[in-house]
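Peer 1: File name upload_20.cif; file contents mmCIF, C-alpha atoms and all ligand atoms; full text below.
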data_model
#
loop_
_atom_site.label_atom_id
_atom_site.label_comp_id
_atom_site.auth_asym_id
_atom_site.auth_seq_id
_atom_site.Cartn_x
_atom_site.Cartn_y
_atom_site.Cartn_z
CA MET A 6 0.00 0.00 0.00
CA SER A 7 1.37 3.39 -1.00
CA ASP A 8 1.72 6.02 1.70
CA THR A 9 -0.67 8.51 0.01
CA PHE A 10 -2.99 8.54 -2.98
CA GLU A 11 -2.75 11.05 -5.82
CA LEU A 12 -5.45 13.73 -5.73
CA GLY A 13 -7.96 13.45 -8.58
CA THR A 14 -7.68 9.66 -8.89
CA ILE A 15 -9.88 6.74 -7.84
CA PRO A 16 -7.74 4.22 -5.93
CA PRO A 17 -8.75 0.54 -5.50
CA LEU A 18 -12.04 0.46 -3.56
CA GLY A 19 -11.47 0.15 0.17
CA ALA A 20 -7.68 0.50 0.06
CA VAL A 21 -6.61 2.86 2.83
CA PRO A 22 -3.19 4.53 2.74
CA LYS A 23 -1.29 5.53 5.89
CA MET A 24 -1.18 9.23 5.07
CA MET A 25 -3.47 11.69 3.31
CA LYS A 26 -3.35 15.19 1.92
CA ALA A 27 -5.34 17.67 3.96
CA ILE A 28 -5.87 21.41 4.25
CA VAL A 29 -4.55 22.04 7.72
CA ILE A 30 -4.97 24.96 10.12
CA ARG A 31 -2.49 25.19 13.00
CA PRO A 32 -2.65 27.38 16.12
CA ASP A 33 0.46 29.38 15.22
CA ARG A 34 -0.96 30.48 11.88
CA GLU A 35 -4.62 31.27 12.67
CA GLY A 36 -5.61 34.30 10.63
CA GLU A 37 -7.01 35.07 7.20
CA PRO A 38 -7.71 31.82 5.27
CA ILE A 39 -5.08 32.53 2.63
CA ASP A 40 -2.35 32.41 5.32
CA SER A 41 -3.92 29.87 7.62
CA MET A 42 -5.06 26.94 5.43
CA LEU A 43 -2.09 25.03 4.00
CA VAL A 44 -1.74 21.65 2.30
CA GLU A 45 -0.02 19.08 4.51
CA GLU A 46 0.20 15.32 4.80
CA ILE A 47 -1.29 13.86 7.95
CA PRO A 48 -2.20 10.30 9.04
CA VAL A 49 -5.57 8.95 7.83
CA PRO A 50 -7.86 8.82 10.88
CA GLU A 51 -8.64 5.35 12.17
CA CYS A 52 -12.16 4.01 11.55
CA GLY A 53 -13.61 2.73 14.85
CA PRO A 54 -16.42 0.14 15.17
CA THR A 55 -19.19 2.77 15.00
CA ASP A 56 -17.50 4.99 12.39
CA VAL A 57 -17.45 5.25 8.63
CA LEU A 58 -14.42 6.35 6.62
CA VAL A 59 -15.45 8.31 3.53
CA MET A 60 -13.17 9.13 0.62
CA ASN A 61 -14.06 12.72 -0.26
CA MET A 62 -14.59 13.26 -3.99
CA ALA A 63 -15.41 16.94 -3.53
CA ALA A 64 -16.06 19.31 -0.64
CA GLY A 65 -18.13 22.46 -0.23
CA ILE A 66 -16.81 25.83 0.96
CA ASN A 67 -18.60 27.35 3.94
CA PHE A 68 -18.22 30.35 6.17
CA ASN A 69 -17.36 28.14 9.15
CA GLY A 70 -14.05 27.45 7.38
CA VAL A 71 -13.37 31.19 7.52
CA TRP A 72 -14.14 31.26 11.26
CA ALA A 73 -11.94 28.18 11.78
CA ALA A 74 -9.05 29.73 9.82
CA ARG A 75 -9.27 32.98 11.78
CA GLY A 76 -9.55 31.27 15.14
CA LYS A 77 -12.22 33.84 15.91
CA PRO A 78 -14.53 34.31 17.70
CA VAL A 79 -13.11 31.10 19.19
CA SER A 80 -10.20 28.94 18.26
CA VAL A 81 -11.38 25.55 17.00
CA MET A 82 -8.21 24.08 18.53
CA LYS A 83 -9.99 24.36 21.92
CA MET A 84 -12.57 21.85 20.70
CA HIS A 85 -9.99 19.04 20.36
CA PRO A 86 -7.03 20.05 22.58
CA ASP A 87 -5.25 16.71 22.08
CA GLU A 88 -4.82 17.40 18.35
CA PRO A 89 -2.90 20.62 17.68
CA PHE A 90 -4.20 20.99 14.11
CA HIS A 91 -7.57 21.30 12.45
CA VAL A 92 -8.99 20.00 9.19
CA ALA A 93 -12.09 22.06 8.40
CA GLY A 94 -14.87 21.28 5.94
CA SER A 95 -18.49 20.46 6.80
CA ASP A 96 -19.82 19.47 3.36
CA SER A 97 -18.73 16.52 1.28
CA ALA A 98 -19.75 14.15 -1.47
CA GLY A 99 -17.79 10.94 -1.53
CA ILE A 100 -17.59 7.17 -1.46
CA VAL A 101 -17.91 4.97 1.63
CA TRP A 102 -14.40 3.53 1.91
CA GLN A 103 -14.43 1.60 5.20
CA VAL A 104 -17.22 0.77 7.66
CA GLY A 105 -16.86 -0.07 11.36
CA SER A 106 -17.98 -3.53 12.54
CA ALA A 107 -21.13 -2.10 14.18
CA VAL A 108 -22.33 -0.19 11.10
CA LYS A 109 -25.33 -1.92 9.52
CA ASN A 110 -26.90 0.31 6.88
CA TRP A 111 -23.98 1.35 4.70
CA GLN A 112 -21.47 -0.55 2.61
CA VAL A 113 -18.10 0.11 1.05
CA GLY A 114 -18.73 1.67 -2.37
CA ASP A 115 -21.94 3.56 -1.48
CA GLU A 116 -21.99 7.05 -2.97
CA VAL A 117 -23.02 9.59 -0.39
CA VAL A 118 -23.36 13.20 0.62
CA LEU A 119 -22.73 14.05 4.25
CA HIS A 120 -24.61 16.20 6.68
CA CYS A 121 -22.51 17.77 9.40
CA ASN A 122 -24.36 17.14 12.67
CA GLN A 123 -22.70 14.76 15.09
CA SER A 124 -24.26 13.73 18.40
CA CYS A 125 -23.85 11.00 21.01
CA ARG A 126 -26.68 8.84 19.57
CA GLU A 127 -27.39 7.39 23.04
CA CYS A 128 -29.03 10.13 25.15
CA PRO A 129 -32.78 10.88 25.40
CA ALA A 130 -32.40 13.95 23.18
CA CYS A 131 -30.93 11.78 20.42
CA ASN A 132 -33.62 9.15 20.88
CA GLY A 133 -36.85 11.04 21.16
CA ASN A 134 -36.34 14.76 21.00
CA ASP A 135 -33.85 16.17 18.51
CA PRO A 136 -30.14 15.25 18.18
CA MET A 137 -29.52 19.01 17.89
CA ALA A 138 -30.50 19.11 21.60
CA CYS A 139 -27.86 16.50 22.57
CA GLN A 140 -25.32 17.75 25.12
CA ASN A 141 -22.59 16.37 22.86
CA GLN A 142 -23.93 17.87 19.63
CA ARG A 143 -21.06 19.06 17.42
CA ILE A 144 -20.71 20.42 13.90
CA TRP A 145 -18.38 18.05 12.04
CA GLY A 146 -15.38 19.86 10.55
CA TYR A 147 -15.84 22.87 12.84
CA GLU A 148 -16.29 21.59 16.37
CA THR A 149 -14.67 18.27 15.44
CA ASN A 150 -11.49 17.52 13.57
CA TYR A 151 -11.11 15.63 10.26
CA GLY A 152 -13.57 17.61 8.16
CA SER A 153 -13.93 17.27 4.41
CA PHE A 154 -10.87 19.24 3.25
CA ALA A 155 -8.87 16.02 3.15
CA GLN A 156 -8.77 12.85 1.12
CA PHE A 157 -10.55 10.91 3.88
CA SER A 158 -12.96 11.82 6.66
CA ARG A 159 -14.07 9.81 9.67
CA VAL A 160 -17.80 10.37 10.30
CA GLN A 161 -20.84 8.90 12.04
CA PRO A 162 -23.04 6.65 9.86
CA GLN A 163 -26.12 8.79 10.61
CA GLN A 164 -24.37 11.62 8.70
CA LEU A 165 -24.62 9.73 5.40
CA LEU A 166 -27.28 10.51 2.81
CA ARG A 167 -27.64 9.02 -0.66
CA ARG A 168 -25.93 11.09 -3.34
CA PRO A 169 -28.33 12.44 -6.00
CA LYS A 170 -26.98 10.73 -9.12
CA HIS A 171 -27.98 13.53 -11.49
CA LEU A 172 -25.47 15.85 -9.79
CA SER A 173 -21.72 16.02 -10.36
CA TRP A 174 -19.54 15.29 -7.33
CA GLU A 175 -18.83 19.01 -6.99
CA GLU A 176 -22.52 19.95 -7.12
CA ALA A 177 -23.40 17.20 -4.66
CA ALA A 178 -20.71 18.43 -2.26
CA SER A 179 -21.83 22.03 -2.37
CA TYR A 180 -25.23 22.20 -0.71
CA GLY A 181 -25.52 20.23 2.56
CA LEU A 182 -24.55 22.69 5.26
CA THR A 183 -26.36 25.76 4.04
CA TYR A 184 -29.35 24.03 2.42
CA PHE A 185 -30.16 21.87 5.43
CA THR A 186 -29.73 24.90 7.72
CA ALA A 187 -32.12 26.96 5.60
CA TYR A 188 -34.57 24.04 5.58
CA ARG A 189 -34.67 23.87 9.39
CA MET A 190 -34.91 27.65 9.69
CA LEU A 191 -37.95 27.90 7.44
CA LEU A 192 -39.64 24.51 7.84
CA GLY A 193 -38.39 23.22 11.20
CA ARG A 194 -37.76 25.86 13.87
CA GLY A 195 -39.71 28.32 11.71
CA ALA A 196 -43.08 27.55 10.20
CA MET A 197 -43.21 29.20 6.80
CA GLN A 198 -46.69 29.23 5.33
CA LEU A 199 -48.25 29.63 1.92
CA GLY A 200 -48.29 33.31 0.97
CA ASP A 201 -45.82 34.44 3.66
CA ASN A 202 -43.44 37.26 2.80
CA ILE A 203 -39.91 36.10 3.63
CA LEU A 204 -37.23 38.79 3.84
CA ILE A 205 -33.96 37.03 2.96
CA TRP A 206 -30.71 38.81 3.76
CA GLY A 207 -27.76 37.67 1.66
CA ALA A 208 -30.17 36.00 -0.76
CA SER A 209 -27.43 35.18 -3.29
CA GLY A 210 -25.16 33.66 -0.61
CA GLY A 211 -24.86 30.09 0.63
CA LEU A 212 -27.92 30.12 2.86
CA GLY A 213 -29.86 32.61 0.78
CA VAL A 214 -29.97 30.68 -2.51
CA PHE A 215 -31.71 27.81 -0.71
CA ALA A 216 -34.00 30.06 1.33
CA VAL A 217 -35.20 31.64 -1.92
CA GLN A 218 -35.83 28.24 -3.53
CA LEU A 219 -37.58 26.82 -0.45
CA ALA A 220 -39.80 29.89 -0.16
CA LYS A 221 -40.83 29.58 -3.81
CA LEU A 222 -41.44 25.83 -3.48
CA ALA A 223 -43.60 26.39 -0.39
CA GLY A 224 -45.72 29.05 -2.10
CA ALA A 225 -44.24 31.90 -0.08
CA ASN A 226 -42.88 35.19 -1.45
CA PRO A 227 -39.13 35.72 -1.11
CA ILE A 228 -37.92 39.30 -0.80
CA ALA A 229 -34.28 38.90 -1.78
CA VAL A 230 -31.64 41.32 -0.51
CA VAL A 231 -28.38 41.54 -2.49
CA SER A 232 -25.51 43.96 -3.03
CA ARG A 233 -24.50 43.51 -6.69
CA GLU A 234 -26.29 43.40 -10.02
CA ASP A 235 -25.01 39.90 -10.91
CA LYS A 236 -26.29 38.71 -7.53
CA ALA A 237 -29.69 40.25 -8.32
CA GLU A 238 -29.71 38.30 -11.60
CA LEU A 239 -28.87 35.11 -9.76
CA VAL A 240 -31.75 35.42 -7.26
CA ARG A 241 -34.17 36.35 -10.05
CA SER A 242 -33.10 33.19 -11.88
CA LEU A 243 -34.08 31.25 -8.73
CA GLY A 244 -37.55 32.76 -8.81
CA ALA A 245 -37.30 35.85 -6.60
CA GLU A 246 -39.53 38.56 -8.04
CA MET A 247 -38.92 41.07 -5.24
CA VAL A 248 -35.28 42.16 -4.98
CA ILE A 249 -33.72 44.91 -2.86
CA ASP A 250 -30.22 46.25 -3.47
CA ARG A 251 -28.96 46.99 0.03
CA ARG A 252 -26.40 49.46 -1.30
CA GLU A 253 -29.26 51.96 -1.51
CA PHE A 254 -29.48 51.98 2.30
CA ASP A 255 -26.95 52.76 4.99
CA LEU A 256 -28.34 50.82 7.90
CA ASN A 257 -25.65 52.18 10.21
CA LYS A 258 -27.58 55.45 10.17
CA GLY A 259 -30.18 54.02 12.54
CA PRO A 260 -33.97 53.77 12.73
CA SER A 261 -34.81 56.33 10.03
CA GLU A 262 -32.88 54.29 7.46
CA SER A 263 -34.36 51.04 8.76
CA ARG A 264 -37.83 52.57 8.35
CA ARG A 265 -36.96 53.58 4.78
CA PHE A 266 -35.89 49.96 4.19
CA GLY A 267 -39.25 48.80 5.61
CA LYS A 268 -41.03 51.21 3.27
CA ARG A 269 -39.24 49.57 0.31
CA ILE A 270 -40.51 46.17 1.46
CA ARG A 271 -44.09 47.50 1.55
CA GLU A 272 -43.69 49.05 -1.90
CA LEU A 273 -42.71 45.65 -3.25
CA THR A 274 -45.36 43.62 -1.42
CA GLY A 275 -48.28 45.95 -1.89
CA GLY A 276 -48.26 47.25 1.65
CA GLN A 277 -47.30 44.17 3.67
CA ASP A 278 -44.43 43.64 6.09
CA ALA A 279 -42.24 40.54 6.33
CA ASP A 280 -43.84 37.55 8.08
CA ILE A 281 -40.41 35.96 8.52
CA VAL A 282 -37.00 37.63 8.43
CA PHE A 283 -34.22 35.19 7.47
CA GLU A 284 -31.23 36.48 9.48
CA HIS A 285 -27.58 35.46 9.52
CA VAL A 286 -25.82 38.81 9.01
CA GLY A 287 -26.10 39.87 12.65
CA LYS A 288 -24.91 43.21 14.00
CA TYR A 289 -25.35 45.29 10.84
CA THR A 290 -28.85 44.12 9.90
CA PHE A 291 -30.43 42.89 13.13
CA PRO A 292 -31.94 46.20 14.32
CA THR A 293 -33.57 46.56 10.90
CA SER A 294 -34.76 42.96 10.96
CA VAL A 295 -36.54 43.52 14.28
CA LEU A 296 -38.11 46.73 12.99
CA VAL A 297 -39.34 45.42 9.63
CA ALA A 298 -40.81 42.10 10.77
CA LYS A 299 -44.58 42.40 10.82
CA ARG A 300 -46.67 42.39 14.01
CA PHE A 301 -46.52 38.83 15.40
CA GLY A 302 -43.80 38.12 12.82
CA THR A 303 -40.63 36.07 13.37
CA ILE A 304 -36.92 36.75 13.03
CA MET A 305 -35.15 33.45 12.39
CA ILE A 306 -31.41 33.73 13.07
CA CYS A 307 -28.58 31.22 12.58
CA GLY A 308 -25.45 33.34 12.29
CA ALA A 309 -23.78 36.71 12.67
CA THR A 310 -21.27 37.41 9.90
CA THR A 311 -20.92 41.09 10.83
CA GLY A 312 -20.81 40.62 14.60
CA TYR A 313 -22.63 38.69 17.30
CA GLU A 314 -23.22 41.43 19.88
CA LEU A 315 -26.56 42.79 18.76
CA ASP A 316 -28.02 46.15 19.65
CA PHE A 317 -31.69 46.71 18.83
CA ASP A 318 -34.72 48.58 20.07
CA VAL A 319 -36.66 45.97 22.03
CA ARG A 320 -39.83 48.09 22.05
CA TYR A 321 -40.52 46.97 18.48
CA LEU A 322 -40.30 43.40 19.70
CA TRP A 323 -42.72 43.50 22.60
CA MET A 324 -45.17 46.17 21.48
CA ARG A 325 -45.69 44.33 18.17
CA GLN A 326 -45.35 40.87 19.72
CA LYS A 327 -42.62 39.58 17.44
CA SER A 328 -40.46 36.52 18.10
CA ILE A 329 -36.75 35.90 17.69
CA ILE A 330 -35.89 32.24 17.14
CA GLY A 331 -32.38 30.82 17.05
CA SER A 332 -31.74 27.95 14.70
CA HIS A 333 -28.65 25.84 14.13
CA PHE A 334 -27.93 23.41 11.29
CA ALA A 335 -30.44 20.51 11.10
CA ASN A 336 -31.02 16.99 12.37
CA ALA A 337 -30.62 13.89 10.18
CA PHE A 338 -34.37 13.64 9.63
CA GLN A 339 -34.56 17.18 8.29
CA ALA A 340 -31.41 16.68 6.22
CA GLU A 341 -32.93 13.52 4.70
CA LYS A 342 -36.19 15.30 3.87
CA ALA A 343 -34.33 18.20 2.31
CA ASN A 344 -32.06 15.80 0.38
CA LYS A 345 -35.16 14.08 -1.04
CA LEU A 346 -36.18 17.41 -2.62
CA MET A 347 -32.72 17.53 -4.19
CA HIS A 348 -33.17 13.98 -5.57
CA GLU A 349 -36.58 15.00 -6.94
CA GLN A 350 -34.96 18.03 -8.59
CA LYS A 351 -37.39 20.38 -6.84
CA ILE A 352 -34.42 22.18 -5.24
CA HIS A 353 -31.11 22.63 -7.07
CA PRO A 354 -27.52 23.29 -6.03
CA VAL A 355 -26.28 26.74 -7.00
CA LEU A 356 -22.64 25.97 -7.68
CA ASP A 357 -20.91 29.06 -9.01
CA GLN A 358 -17.21 28.11 -8.89
CA VAL A 359 -15.12 24.95 -8.54
CA PHE A 360 -11.50 25.03 -7.39
CA ASN A 361 -8.66 22.56 -7.18
CA PHE A 362 -7.75 21.15 -3.77
CA GLU A 363 -4.69 23.42 -3.51
CA GLU A 364 -6.96 26.47 -3.97
CA THR A 365 -9.06 25.80 -0.87
CA ALA A 366 -7.55 28.74 1.02
CA HIS A 367 -8.16 31.05 -1.94
CA ALA A 368 -11.83 30.02 -2.14
CA HIS A 369 -12.25 30.77 1.58
CA GLN A 370 -10.54 34.13 1.13
CA LEU A 371 -13.09 35.02 -1.58
CA MET A 372 -15.85 34.15 0.85
CA ALA A 373 -14.24 36.10 3.70
CA GLU A 374 -14.19 39.17 1.42
CA ASN A 375 -17.75 38.62 0.11
CA LYS A 376 -16.38 38.27 -3.44
CA HIS A 377 -18.33 35.12 -4.28
CA LYS A 378 -21.95 34.26 -4.97
CA GLY A 379 -23.94 31.07 -4.56
CA LYS A 380 -21.82 28.12 -3.53
CA MET A 381 -18.21 27.12 -4.19
CA ALA A 382 -16.67 23.66 -4.04
CA ILE A 383 -13.24 22.05 -4.30
CA ARG A 384 -12.27 18.84 -6.05
CA VAL A 385 -10.58 16.27 -3.85
CA GLN A 386 -10.52 12.84 -5.55
CA ALA A 387 -12.90 13.91 -8.33
CA PRO A 388 -10.89 14.21 -11.54
CA ALA A 389 -10.58 17.68 -13.06
CA LYS A 390 -12.86 17.98 -16.08
N1 LIG A 401 -25.80 28.04 12.50
C1 LIG A 401 -25.68 27.39 11.37
O1 LIG A 401 -26.02 26.23 11.32
C2 LIG A 401 -25.17 28.09 10.16
C3 LIG A 401 -25.21 27.43 8.92
C4 LIG A 401 -24.73 28.09 7.79
C5 LIG A 401 -24.21 29.37 7.90
N2 LIG A 401 -24.17 29.96 9.12
C6 LIG A 401 -23.61 31.32 9.23
O2 LIG A 401 -24.42 32.18 8.46
C7 LIG A 401 -23.63 33.20 7.86
C8 LIG A 401 -23.88 33.22 6.35
O3 LIG A 401 -23.51 31.99 5.78
P1 LIG A 401 -23.54 31.80 4.19
O4 LIG A 401 -23.06 30.46 3.88
O5 LIG A 401 -24.86 32.23 3.66
O6 LIG A 401 -22.43 32.86 3.77
P2 LIG A 401 -22.20 33.61 2.39
O7 LIG A 401 -22.21 32.65 1.25
O8 LIG A 401 -21.00 34.46 2.60
O9 LIG A 401 -23.47 34.54 2.20
C9 LIG A 401 -23.75 35.56 3.13
C10 LIG A 401 -24.36 36.74 2.42
O10 LIG A 401 -24.51 37.77 3.40
C11 LIG A 401 -24.49 39.00 2.74
N3 LIG A 401 -23.78 39.98 3.54
C12 LIG A 401 -22.45 40.05 3.82
N4 LIG A 401 -22.18 41.15 4.54
C13 LIG A 401 -23.37 41.79 4.70
C14 LIG A 401 -23.75 42.99 5.34
N5 LIG A 401 -22.87 43.81 5.93
N6 LIG A 401 -25.06 43.36 5.31
C15 LIG A 401 -25.97 42.57 4.68
N7 LIG A 401 -25.66 41.44 4.05
C16 LIG A 401 -24.38 41.06 4.07
C17 LIG A 401 -23.80 38.83 1.40
O11 LIG A 401 -24.73 39.16 0.38
P3 LIG A 401 -24.84 40.65 -0.24
O12 LIG A 401 -23.49 41.30 -0.11
O13 LIG A 401 -25.24 40.39 -1.66
O14 LIG A 401 -25.90 41.34 0.55
C18 LIG A 401 -23.50 37.34 1.34
O15 LIG A 401 -23.85 36.78 0.09
C19 LIG A 401 -22.19 32.91 8.24
O16 LIG A 401 -21.84 33.72 9.35
C20 LIG A 401 -22.21 31.45 8.64
O17 LIG A 401 -21.20 31.11 9.56
C21 LIG A 401 -24.63 29.37 10.24
#
Rewrite the structure of this file - the entire thing - as structure tokens.
Ligand SMILES: NC(=O)c1ccc[n+]([C@@H]2O[C@H](COP(=O)([O-])OP(=O)(O)OC[C@H]3O[C@@H](n4cnc5c(N)ncnc54)[C@H](OP(=O)(O)O)[C@@H]3O)[C@@H](O)[C@H]2O)c1
Peer 2:
Amino acid sequence: MSDTFELGTIPPLGAVPKMMKAIVIRPDREGEPIDSMLVEEIPVPECGPTDVLVMNMAAGINFNGVWAARGKPVSVMKMHPDEPFHVAGSDSAGIVWQVGSAVKNWQVGDEVVLHCNQSCRECPACNGNDPMACQNQRIWGYETNYGSFAQFSRVQPQQLLRRPKHLSWEEAASYGLTYFTAYRMLLGRGAMQLGDNILIWGASGGLGVFAVQLAKLAGANPIAVVSREDKAELVRSLGAEMVIDRREFDLNKGPSESRRFGKRIRELTGGQDADIVFEHVGKYTFPTSVLVAKRFGTIMICGATTGYELDFDVRYLWMRQKSIIGSHFANAFQAEKANKLMHEQKIHPVLDQVFNFEETAHAHQLMAENKHKGKMAIRVQAPAK
């Protein structure tokens, strides 16, 4: 057995080398992705009796890779102190390469996409409530090591979902994290209904492209916020008829500008406010989100790209009886339901750019600087076209 496999090749099924290529972050170089994420060779993680080893064909780029590279707001090294390096990556499409002796439902050779929630699988939350409520719930590739920016990943079998065969490896790798998160936000923790107006910040971004598609599929009305003309074209191509260019507003100016933003929403909707605000931008947009949600409306939030310490006028919340609901990734059941829509081609990946493995840091840097749109993926073992 050779020590490592060549990238972009398909080795003999089930053969496991000692070492693998990985994009590695180390504590002494946490910072911008371009400086932090370097190609190294590290040992292939061992596959225990309840684990599955997947050979990654392609992997999706996500903002959690940017947070991991920066080591901010927390260093991911703290999550696994015994291993002084981190392999990020929470989206993958690949081939089951080895299965632990206790794994029943998957076999070597199965083609899969992965969801990124890991949990203990034994506690009451995992067995009757929601694995997202498990005390040991972790996001694979962020809160755990050995994510998808490597030739092999060690995962839990419940993370595996059947790969939609009509998609390329790169397309299949690109959607899991953000699509399943958007699914839970709108159809799990949130309860989007027919005819609802859904204000979607960052509608051309990773979460947004799926929020727009889900809203359309559910008979709701997406109001897509973007900041470039090509992004506006993208969200229109996904079915958004109402589009707002946020460059026309300086939301740092305070409530008067937020009210002007709310007026634009009513101009587009024929006088209605947003039933649901789809939030992940955080500090910059949150005061506006609370203001523009309709009476009894909901602000669904799963992230805070511009800052997590939020400052907003709570009077708009209680006087108009609005709700703020936090949401985080998805459980396997929701991921499976969302993946079925992908198999049925009712929801589509929005893969804008594909990079070689060695360009993983560059792709993250584009994301860190908001220079991308839709989703990006890297090839791992998938051959370059
Ligand atoms: N909790 C979870 O499970 C979960 C899951 C996925 C993502 N997240 C988090 O959610 C956030 C977004 O993820 P993503 O994958 O959608 O990222 P993304 O692909 O970078 O998209 C985010 C979008 O936000 C918009 N944006 C950036 N700065 C903005 C600002 N100052 N004001 C308004 N909009 C701004 C950008 O669109 P425009 O410039 O066109 O407006 C961008 O397209 C990240 O912080 C990520 O970590 C959390």
Peer 1: Can you tell me how far atom CA of Asn226 of chain A sits from atom CA of Ala245 of chain A, in Å to one decimal?
Peer 2: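 These two atoms are separated by 7.6 Å.
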Peer 1: Ranking A:Leu166, A:Met247, A:Val104, A:Ile306 by minimum distance to Ala337 of chain A and counting only C-alpha atoms, which one comes first?
Peer 2: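 Smallest distance to Ala337 of chain A is found for A:Leu166.
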Peer 1: How would you write as a ChimeraX atom specification the residues that get within 6 Å of (-36.5, 37.8, 0.4) in the file's frame, counting only C-alpha atoms?
Peer 2: /A:203-205,227-229
Peer 1: Tell me, in Å to one decimal, how far atom CA of Gly105 of chain A is from atom CA of Lys23 of chain A.
Peer 2: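 Going from atom CA of Gly105 of chain A over to atom CA of Lys23 of chain A, I get 17.4 Å.
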Peer 1: How would you report the residues lying within 7 Å of ligand LIG 401 (chain A), as a VMD selection string, if you count only C-alpha atoms and all ligand atoms?
Peer 2: chain A and resid 67 to 69 182 to 183 186 206 to 213 230 to 233 236 251 285 to 286 289 to 290 307 to 311 332 to 334 372 375 378 to 380
Peer 1: Could you check the closest approach to Asn361 of chain A for each of A:Pro32, A:Gly193, A:Pro48, A:Gly65 and tell me which residue wins, using only C-alpha atoms?
Peer 2: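 Residue with the minimum atom-to-atom distance to Asn361 of chain A: A:Gly65.
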Peer 1: Once you count all atoms listed in the file, what closest atom pair and distance in Å to one decimal does each residue of segment 158-248 of chain A within 12 Å of segment 345-353 of chain A have, with rows by chain and rising residue number, as CSV?
Peer 2:
residue,atom,partner,partner_atom,distance
A:Leu166,CA,A:Lys345,CA,9.5
A:Arg167,CA,A:His348,CA,8.9
A:Arg168,CA,A:His348,CA,8.1
A:Pro169,CA,A:His348,CA,5.1
A:Lys170,CA,A:His348,CA,7.8
A:His171,CA,A:His348,CA,7.9
A:Leu172,CA,A:His348,CA,9.0
A:Ser173,CA,A:His353,CA,11.9
A:Glu176,CA,A:His353,CA,9.0
A:Ala177,CA,A:Met347,CA,9.3
A:Ser179,CA,A:His353,CA,10.4
A:Tyr180,CA,A:His353,CA,8.7
A:Gly181,CA,A:Met347,CA,10.2
A:Tyr184,CA,A:Ile352,CA,9.4
A:Phe185,CA,A:Met347,CA,10.9
A:Tyr188,CA,A:Leu346,CA,10.7
A:Val214,CA,A:His353,CA,9.3
A:Phe215,CA,A:Ile352,CA,7.7
A:Ala216,CA,A:Ile352,CA,10.3
A:Val217,CA,A:Ile352,CA,10.1
A:Gln218,CA,A:Ile352,CA,6.5
A:Leu219,CA,A:Ile352,CA,7.4
A:Ala220,CA,A:Ile352,CA,10.7
A:Lys221,CA,A:Ile352,CA,9.9
A:Leu222,CA,A:Lys351,CA,7.6
A:Ala223,CA,A:Lys351,CA,10.8
A:Ser242,CA,A:His353,CA,11.8
A:Leu243,CA,A:His353,CA,9.3
A:Gly244,CA,A:Ile352,CA,11.6
Peer 1: Please, what distance in Å, to one decimal, runs between atom CA of Leu191 of chain A and atom CA of Ile249 of chain A?
Peer 2: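 Rounded to one decimal, the two atoms are 20.3 Å apart.
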Peer 1: Quick one: of A:Glu11, A:Asp56, A:Glu88, A:Glu314, who's nearest to Ser106 of chain A, counting all atoms listed in the file?
Peer 2: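 Using all atoms listed in the file, the shortest distance to Ser106 of chain A belongs to A:Asp56.
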Peer 1: Would you be able to write out as an MDAnalysis selection string which residues have an atom within 12 Å of (-38.5, 36.0, 21.9) in the file's coordinates, counting all atoms listed in the file?
Peer 2: chainID A and resid 295 301:306 319 321:323 325:331
Peer 1: Return the single residue from A:Asp96, A:Glu127, A:Asp357, A:Glu272 that is closest to Tyr147 of chain A, with distances computed using all atoms listed in the file.
Peer 2: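 Counting all atoms listed in the file, the residue closest to Tyr147 of chain A is A:Asp96.
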Peer 1: Measuring atom to atom with only C-alpha atoms, identify which of A:Ile281, A:Val81, A:Val248, A:Leu256 is nearest to Ala298 of chain A.
Peer 2: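 Checking each of A:Ile281, A:Val81, A:Val248, A:Leu256 against Ala298 of chain A, counting only C-alpha atoms, the winner is A:Ile281.
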Peer 1: Under the rule that all atoms listed in the file are counted, which of A:Ser158, A:Lys342, A:Ile28, A:Val282 is the nearest residue to Asp40 of chain A?
Peer 2: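 The answer is A:Ile28, which sits nearest to Asp40 of chain A.
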Peer 1: Name the residues in contact with Arg271 of chain A at a cut-off of 12 Å, using only C-alpha atoms, excluding same-chain residues fewer than 2 positions from it; report them as a ChimeraX atom specification.
Peer 2: /A:202,204,228,247,249,264-269,273-280,297-299
Peer 1: Quick one: residues within 6 Å of Gly99 of chain A, all atoms listed in the file counted, chain neighbours fewer than 6 positions away excluded, as an MDAnalysis selection string?
Peer 2: chainID A and resid 60:62 116:117
